[in-house]
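Next up, model_18.cif (mmCIF, C-alpha atoms and all ligand atoms):
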data_final
#
loop_
_atom_site.label_atom_id
_atom_site.label_comp_id
_atom_site.auth_asym_id
_atom_site.auth_seq_id
_atom_site.Cartn_x
_atom_site.Cartn_y
_atom_site.Cartn_z
CA MET A 195 67.49 -8.54 82.07
CA HIS A 196 68.53 -8.13 78.49
CA ASN A 197 69.84 -11.71 78.42
CA LYS A 198 66.61 -13.18 79.73
CA LEU A 199 64.61 -11.56 76.94
CA LEU A 200 66.85 -13.15 74.34
CA LEU A 201 66.39 -16.54 75.94
CA LEU A 202 62.60 -16.41 75.75
CA PRO A 203 62.21 -17.14 71.99
CA ALA A 204 64.67 -20.00 72.28
CA LEU A 205 62.68 -21.45 75.17
CA LEU A 206 59.42 -21.16 73.27
CA ALA A 207 60.94 -22.89 70.26
CA ALA A 208 62.17 -25.73 72.45
CA LEU A 209 58.71 -26.10 74.02
CA ALA A 210 57.06 -26.16 70.60
CA ALA A 211 59.43 -28.88 69.45
CA LEU A 212 58.64 -30.93 72.54
CA ALA A 213 54.91 -30.53 72.03
CA ALA A 214 55.18 -31.61 68.39
CA CYS A 215 57.13 -34.64 69.51
CA GLY A 216 54.44 -35.59 72.00
CA ASP A 217 51.77 -35.08 69.37
CA SER A 218 53.26 -37.41 66.83
CA ALA A 219 53.68 -40.11 69.46
CA ALA A 220 50.04 -39.77 70.50
CA ASN A 221 48.83 -39.89 66.91
CA LYS A 222 50.81 -42.97 66.00
CA THR A 223 48.34 -45.81 65.43
CA ASN A 224 49.34 -49.44 65.60
CA THR A 225 48.58 -50.79 62.15
CA ALA A 226 50.08 -54.24 62.76
CA PRO A 227 47.44 -56.94 62.24
CA ARG A 228 46.22 -58.37 65.50
CA ALA A 229 44.72 -61.78 66.09
CA PRO A 230 41.09 -61.42 67.17
CA VAL A 231 40.50 -62.29 70.80
CA VAL A 232 38.21 -65.31 70.93
CA LEU A 233 36.39 -65.77 74.22
CA ARG A 234 35.56 -69.44 74.52
CA LYS A 235 33.13 -71.00 76.94
CA ALA A 236 34.30 -73.85 79.15
CA VAL A 237 33.57 -77.38 77.92
CA PRO A 238 30.44 -78.58 79.78
CA ALA A 239 30.65 -81.57 82.12
CA ASP A 240 28.98 -84.02 79.72
CA PHE A 241 31.74 -83.39 77.12
CA LYS A 242 34.70 -82.49 79.28
CA GLY A 243 37.61 -84.92 79.10
CA LYS A 244 36.28 -86.93 76.14
CA THR A 245 39.09 -88.25 73.93
CA ASN A 246 39.04 -89.12 70.23
CA PRO A 247 38.57 -92.90 69.70
CA THR A 248 39.63 -92.45 66.03
CA PRO A 249 42.48 -89.89 66.02
CA ASP A 250 43.81 -91.25 62.69
CA ALA A 251 40.51 -90.99 60.77
CA LYS A 252 41.62 -87.83 59.03
CA ALA A 253 40.61 -88.99 55.52
CA ASP A 254 37.04 -89.85 56.55
CA GLY A 255 36.90 -86.58 58.44
CA GLU A 256 38.03 -84.62 55.42
CA ALA A 257 35.15 -85.94 53.30
CA LEU A 258 32.67 -85.01 56.02
CA PHE A 259 34.28 -81.59 56.44
CA LYS A 260 33.89 -80.93 52.70
CA THR A 261 30.19 -81.78 52.91
CA HIS A 262 29.29 -80.01 56.15
CA CYS A 263 31.83 -77.33 57.05
CA VAL A 264 33.44 -75.63 54.03
CA SER A 265 30.31 -73.58 53.26
CA CYS A 266 31.19 -71.44 56.27
CA HIS A 267 34.77 -72.33 57.23
CA GLY A 268 36.08 -72.27 53.65
CA ASP A 269 37.88 -74.85 51.49
CA LYS A 270 40.99 -74.59 53.63
CA GLY A 271 39.15 -74.34 56.95
CA ASP A 272 40.55 -70.87 57.60
CA GLY A 273 37.15 -69.17 57.58
CA ASP A 274 37.70 -67.66 54.17
CA SER A 275 34.28 -68.12 52.55
CA PRO A 276 31.71 -65.47 51.61
CA THR A 277 29.10 -67.09 53.86
CA GLY A 278 31.48 -67.46 56.78
CA LYS A 279 32.76 -63.92 56.54
CA ALA A 280 29.23 -62.49 56.36
CA LEU A 281 28.39 -63.96 59.77
CA ASN A 282 28.87 -62.00 62.99
CA PRO A 283 30.95 -63.36 64.62
CA PRO A 284 32.54 -64.69 61.42
CA ALA A 285 33.25 -68.40 60.93
CA ALA A 286 36.35 -69.34 62.90
CA ASP A 287 39.81 -69.93 61.42
CA LEU A 288 40.26 -73.61 62.20
CA THR A 289 43.87 -73.57 60.96
CA ALA A 290 45.09 -71.08 63.59
CA ALA A 291 47.80 -72.47 65.85
CA ALA A 292 46.38 -70.32 68.68
CA PHE A 293 43.04 -72.15 68.34
CA HIS A 294 44.67 -75.60 68.38
CA ASP A 295 46.90 -74.73 71.33
CA ALA A 296 43.97 -73.32 73.32
CA VAL A 297 41.47 -76.18 73.00
CA GLY A 298 41.28 -79.92 73.55
CA ASP A 299 39.58 -82.50 71.33
CA ASP A 300 36.68 -82.46 73.81
CA TYR A 301 36.08 -78.79 72.99
CA ILE A 302 36.09 -79.38 69.22
CA PHE A 303 33.78 -82.40 69.55
CA TRP A 304 31.40 -80.41 71.78
CA ARG A 305 31.34 -77.44 69.40
CA ILE A 306 30.61 -79.66 66.37
CA THR A 307 27.85 -81.42 68.30
CA THR A 308 26.05 -78.38 69.70
CA GLY A 309 27.06 -75.57 67.31
CA ALA A 310 25.97 -72.06 68.24
CA ALA A 311 24.77 -73.17 71.69
CA GLY A 312 28.40 -73.42 72.82
CA GLY A 313 29.58 -70.35 70.95
CA PRO A 314 29.65 -66.64 71.59
CA ALA A 315 26.44 -64.55 71.40
CA GLY A 316 25.13 -64.31 67.86
CA SER A 317 26.97 -67.39 66.58
CA GLY A 318 25.57 -68.92 63.40
CA MET A 319 27.41 -72.22 63.78
CA THR A 320 25.28 -75.22 62.84
CA PRO A 321 24.89 -78.08 65.36
CA PHE A 322 25.81 -81.51 63.95
CA ASN A 323 24.15 -83.81 66.47
CA ASN A 324 22.42 -85.40 63.47
CA LEU A 325 25.78 -86.93 62.49
CA GLY A 326 26.91 -90.12 64.25
CA GLU A 327 29.29 -89.77 67.16
CA ASP A 328 31.98 -91.62 65.21
CA GLN A 329 31.57 -89.25 62.29
CA ARG A 330 31.96 -86.22 64.56
CA TRP A 331 35.18 -87.69 65.95
CA GLN A 332 36.45 -88.27 62.40
CA ILE A 333 35.85 -84.59 61.73
CA VAL A 334 37.78 -83.72 64.92
CA ALA A 335 40.72 -85.77 63.58
CA PHE A 336 40.66 -83.81 60.33
CA VAL A 337 40.28 -80.43 62.05
CA ARG A 338 43.38 -81.27 64.10
CA SER A 339 45.33 -81.84 60.87
CA LEU A 340 44.53 -78.29 59.74
CA LYS A 341 46.87 -76.68 62.29
CA LYS A 342 49.27 -74.26 60.59
C1 LIG B 1 26.52 -72.01 59.01
C2 LIG B 1 27.93 -71.75 59.15
C3 LIG B 1 28.81 -72.79 59.83
C4 LIG B 1 28.92 -74.12 59.51
C5 LIG B 1 28.19 -74.90 58.44
C6 LIG B 1 29.92 -74.64 60.41
N1 LIG B 1 30.39 -73.67 61.24
FE1 LIG B 1 31.82 -73.86 62.68
N2 LIG B 1 31.58 -71.93 63.20
C7 LIG B 1 30.77 -71.04 62.55
C8 LIG B 1 30.89 -69.74 63.19
C9 LIG B 1 30.16 -68.51 62.78
C10 LIG B 1 31.82 -69.89 64.24
C11 LIG B 1 32.34 -68.79 65.19
C12 LIG B 1 31.40 -68.58 66.34
C13 LIG B 1 31.39 -69.77 67.26
O1 LIG B 1 32.43 -70.10 67.85
O2 LIG B 1 30.30 -70.37 67.41
C14 LIG B 1 32.21 -71.29 64.23
C15 LIG B 1 33.06 -71.85 65.15
C16 LIG B 1 33.53 -73.15 65.09
C17 LIG B 1 34.43 -73.74 66.05
C18 LIG B 1 34.97 -73.07 67.30
C19 LIG B 1 36.24 -72.31 66.97
C20 LIG B 1 36.86 -71.59 68.13
O3 LIG B 1 37.78 -70.81 67.84
O4 LIG B 1 36.47 -71.77 69.28
C21 LIG B 1 34.70 -75.00 65.63
C22 LIG B 1 35.62 -76.02 66.28
C23 LIG B 1 33.94 -75.20 64.43
N3 LIG B 1 33.22 -74.07 64.12
C24 LIG B 1 33.96 -76.34 63.66
C25 LIG B 1 33.08 -76.60 62.60
C26 LIG B 1 33.04 -77.85 61.89
C27 LIG B 1 34.00 -78.98 62.09
C28 LIG B 1 32.00 -77.77 61.02
C29 LIG B 1 31.46 -78.85 60.11
C30 LIG B 1 31.08 -80.12 60.76
C31 LIG B 1 31.41 -76.44 61.15
N4 LIG B 1 32.10 -75.76 62.13
C32 LIG B 1 30.35 -75.95 60.40
C33 LIG B 1 29.95 -71.29 61.50
C34 LIG B 1 29.74 -72.52 60.91
#
Take the structure in this file and express it as structure tokens.
Amino acid sequence: MHNKLLLLPALLAALAALAACGDSAANKTNTAPRAPVVLRKAVPADFKGKTNPTPDAKADGEALFKTHCVSCHGDKGDGDSPTGKALNPPAADLTAAAFHDAVGDDYIFWRITTGAAGGPAGSGMTPFNNLGEDQRWQIVAFVRSLKK
């Protein structure tokens, strides 16, 4: 009897330590930066499977990119521009390896052609169907060269 009473405070102390342990684990927040999850729509039939007739036209594409894309996607194409960041969803990082690995040239060509129509809800991406098809493919060639 006497022994059991002495054990009680020790037991309570052990329980308190355990509870504190559990607490700190529960309160730990993951502060590591995470890549945003981008939900992309499937390439529609009229674009699916299209291949770039001018995959080496990077230089021509760069000039067009400077004129039409940097306002939102930034000088480096990584989405770092005040206009691009103010949009919701923000302008995409076109340098991300995850983006390049996930999509084909047909996707990029389709997105340039139709803009927001192929994007997520609320997209402010401009459609570039006013540019010639060859010009849009030149831009695709340049976008491909942006991969980090
Ligand atoms: C008015 C701002 C704006 C301009 C100009 C613009 N974009 Fe975008 N773009 C966006 C936004 C916002 C998104 C993200 C939402 C979406 O996918 O539609 C985006 C997304 C994209 C995507 C899809 C990325 C992905 O992860 O699926 C591609 C490809 C793209 N843009 C290429 C271009 C190219 C190339 C040009 C120039 C010819 C251009 N954009 C011009 C705003 C813009």
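With distances restricted to all atoms listed in the file, A:His267 is the closest residue to Ala280 (chain A) from A:His294, A:Lys244, A:His267, A:Arg338.
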Leaving out Pro247 (chain A) and any residue of its chain fewer than 3 positions from it, which residues lie within 10 Å of it when counting all atoms listed in the file, given as a PyMOL selection string? chain A and resi 244+250-251+328+331-332+335
List the spatial neighbours of Lys341 (chain A) as a count of residues only - criterion: any atom at most 7 Å away, all atoms listed in the file, same-chain residues fewer than 5 positions off excluded. 4
Please tabulate, as JSON lines, the residues of chain A that come within 6 Å of ligand LIG 1 (chain B), each with its closest pair of atoms and the distance in Å to one decimal, counting only C-alpha atoms and all ligand atoms and ordering rows by chain, then residue number upward.
{"residue": "A:Arg234", "atom": "CA", "partner": "B:LIG1", "partner_atom": "O4", "distance": 5.8}
{"residue": "A:Phe259", "atom": "CA", "partner": "B:LIG1", "partner_atom": "C29", "distance": 5.4}
{"residue": "A:His262", "atom": "CA", "partner": "B:LIG1", "partner_atom": "C29", "distance": 4.7}
{"residue": "A:Cys263", "atom": "CA", "partner": "B:LIG1", "partner_atom": "C29", "distance": 3.4}
{"residue": "A:Ser265", "atom": "CA", "partner": "B:LIG1", "partner_atom": "C5", "distance": 5.8}
{"residue": "A:Cys266", "atom": "CA", "partner": "B:LIG1", "partner_atom": "C2", "distance": 4.4}
{"residue": "A:Leu281", "atom": "CA", "partner": "B:LIG1", "partner_atom": "C9", "distance": 5.7}
{"residue": "A:Pro283", "atom": "CA", "partner": "B:LIG1", "partner_atom": "C12", "distance": 5.5}
{"residue": "A:Pro284", "atom": "CA", "partner": "B:LIG1", "partner_atom": "C9", "distance": 4.7}
{"residue": "A:Ala285", "atom": "CA", "partner": "B:LIG1", "partner_atom": "C8", "distance": 3.5}
{"residue": "A:Ala286", "atom": "CA", "partner": "B:LIG1", "partner_atom": "C11", "distance": 4.7}
{"residue": "A:Phe293", "atom": "CA", "partner": "B:LIG1", "partner_atom": "O3", "distance": 5.5}
{"residue": "A:Ile302", "atom": "CA", "partner": "B:LIG1", "partner_atom": "C22", "distance": 4.5}
{"residue": "A:Arg305", "atom": "CA", "partner": "B:LIG1", "partner_atom": "C22", "distance": 5.5}
{"residue": "A:Ile306", "atom": "CA", "partner": "B:LIG1", "partner_atom": "C26", "distance": 5.4}
{"residue": "A:Ala310", "atom": "CA", "partner": "B:LIG1", "partner_atom": "O2", "distance": 4.7}
{"residue": "A:Gly313", "atom": "CA", "partner": "B:LIG1", "partner_atom": "O2", "distance": 3.6}
{"residue": "A:Pro314", "atom": "CA", "partner": "B:LIG1", "partner_atom": "C13", "distance": 5.6}
{"residue": "A:Ser317", "atom": "CA", "partner": "B:LIG1", "partner_atom": "O2", "distance": 4.5}
{"residue": "A:Gly318", "atom": "CA", "partner": "B:LIG1", "partner_atom": "C9", "distance": 4.6}
{"residue": "A:Met319", "atom": "CA", "partner": "B:LIG1", "partner_atom": "C33", "distance": 3.5}
{"residue": "A:Thr320", "atom": "CA", "partner": "B:LIG1", "partner_atom": "C4", "distance": 5.1}
{"residue": "A:Ile333", "atom": "CA", "partner": "B:LIG1", "partner_atom": "C27", "distance": 5.9}
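Across the model, the gap from CA of Phe336 (chain A) to CA of Leu288 (chain A) is 10.4 Å.
Straight-line separation from CA of Asp287 (chain A) to CA of Gly273 (chain A): 4.7 Å.
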One decimal, Å: what's the distance from CA of Val237 (chain A) over to CA of Lys252 (chain A), could you say? 23.0 Å
Rank nothing, just name the residue among A:Leu325, A:Ala315, A:Ala239, A:Leu258 nearest to Asn282 (chain A), using all atoms listed in the file. A:Ala315
Between A:Arg330, A:Gly309, A:Phe322, A:Trp304, which one has atoms that come closest to Gly255 (chain A), using all atoms listed in the file?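 Smallest distance to Gly255 (chain A) is found for A:Arg330.
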Incomplete region 240-258 of chain A brought to N, CA and C atoms, written out as a CSV table (one decimal), in the coordinates of the input:
chain,number,residue,atom,x,y,z
A,240,ASP,N,29.3,-82.8,80.5
A,240,ASP,CA,29.0,-84.0,79.7
A,240,ASP,C,29.9,-84.2,78.5
A,241,PHE,N,30.8,-83.2,78.2
A,241,PHE,CA,31.7,-83.4,77.1
A,241,PHE,C,33.2,-83.3,77.6
A,242,LYS,N,33.4,-82.7,78.8
A,242,LYS,CA,34.7,-82.5,79.3
A,242,LYS,C,35.5,-83.8,79.5
A,243,GLY,N,36.7,-83.8,78.9
A,243,GLY,CA,37.6,-84.9,79.1
A,243,GLY,C,37.4,-86.0,78.1
A,244,LYS,N,36.5,-85.9,77.2
A,244,LYS,CA,36.3,-86.9,76.1
A,244,LYS,C,37.5,-86.9,75.2
A,245,THR,N,37.9,-88.1,74.8
A,245,THR,CA,39.1,-88.2,73.9
A,245,THR,C,38.7,-88.9,72.6
A,246,ASN,N,39.4,-88.6,71.6
A,246,ASN,CA,39.0,-89.1,70.2
A,246,ASN,C,39.4,-90.6,70.1
A,247,PRO,N,38.3,-91.5,69.9
A,247,PRO,CA,38.6,-92.9,69.7
A,247,PRO,C,39.2,-93.2,68.3
A,248,THR,N,39.1,-92.2,67.4
A,248,THR,CA,39.6,-92.4,66.0
A,248,THR,C,40.5,-91.3,65.6
A,249,PRO,N,41.7,-91.1,66.3
A,249,PRO,CA,42.5,-89.9,66.0
A,249,PRO,C,43.1,-89.9,64.6
A,250,ASP,N,43.2,-91.1,64.0
A,250,ASP,CA,43.8,-91.2,62.7
A,250,ASP,C,42.8,-91.2,61.5
A,251,ALA,N,41.5,-90.9,61.8
A,251,ALA,CA,40.5,-91.0,60.8
A,251,ALA,C,40.4,-89.7,60.0
A,252,LYS,N,41.6,-89.1,59.7
A,252,LYS,CA,41.6,-87.8,59.0
A,252,LYS,C,40.9,-87.8,57.7
A,253,ALA,N,41.2,-88.9,56.9
A,253,ALA,CA,40.6,-89.0,55.5
A,253,ALA,C,39.1,-89.0,55.5
A,254,ASP,N,38.5,-89.8,56.4
A,254,ASP,CA,37.0,-89.8,56.6
A,254,ASP,C,36.5,-88.5,57.0
A,255,GLY,N,37.3,-87.9,57.9
A,255,GLY,CA,36.9,-86.6,58.4
A,255,GLY,C,36.9,-85.5,57.4
A,256,GLU,N,37.9,-85.6,56.5
A,256,GLU,CA,38.0,-84.6,55.4
A,256,GLU,C,36.8,-84.6,54.5
A,257,ALA,N,36.3,-85.8,54.2
A,257,ALA,CA,35.2,-85.9,53.3
A,257,ALA,C,33.9,-85.3,54.0
A,258,LEU,N,33.8,-85.6,55.3
A,258,LEU,CA,32.7,-85.0,56.0
A,258,LEU,C,32.8,-83.5,56.1
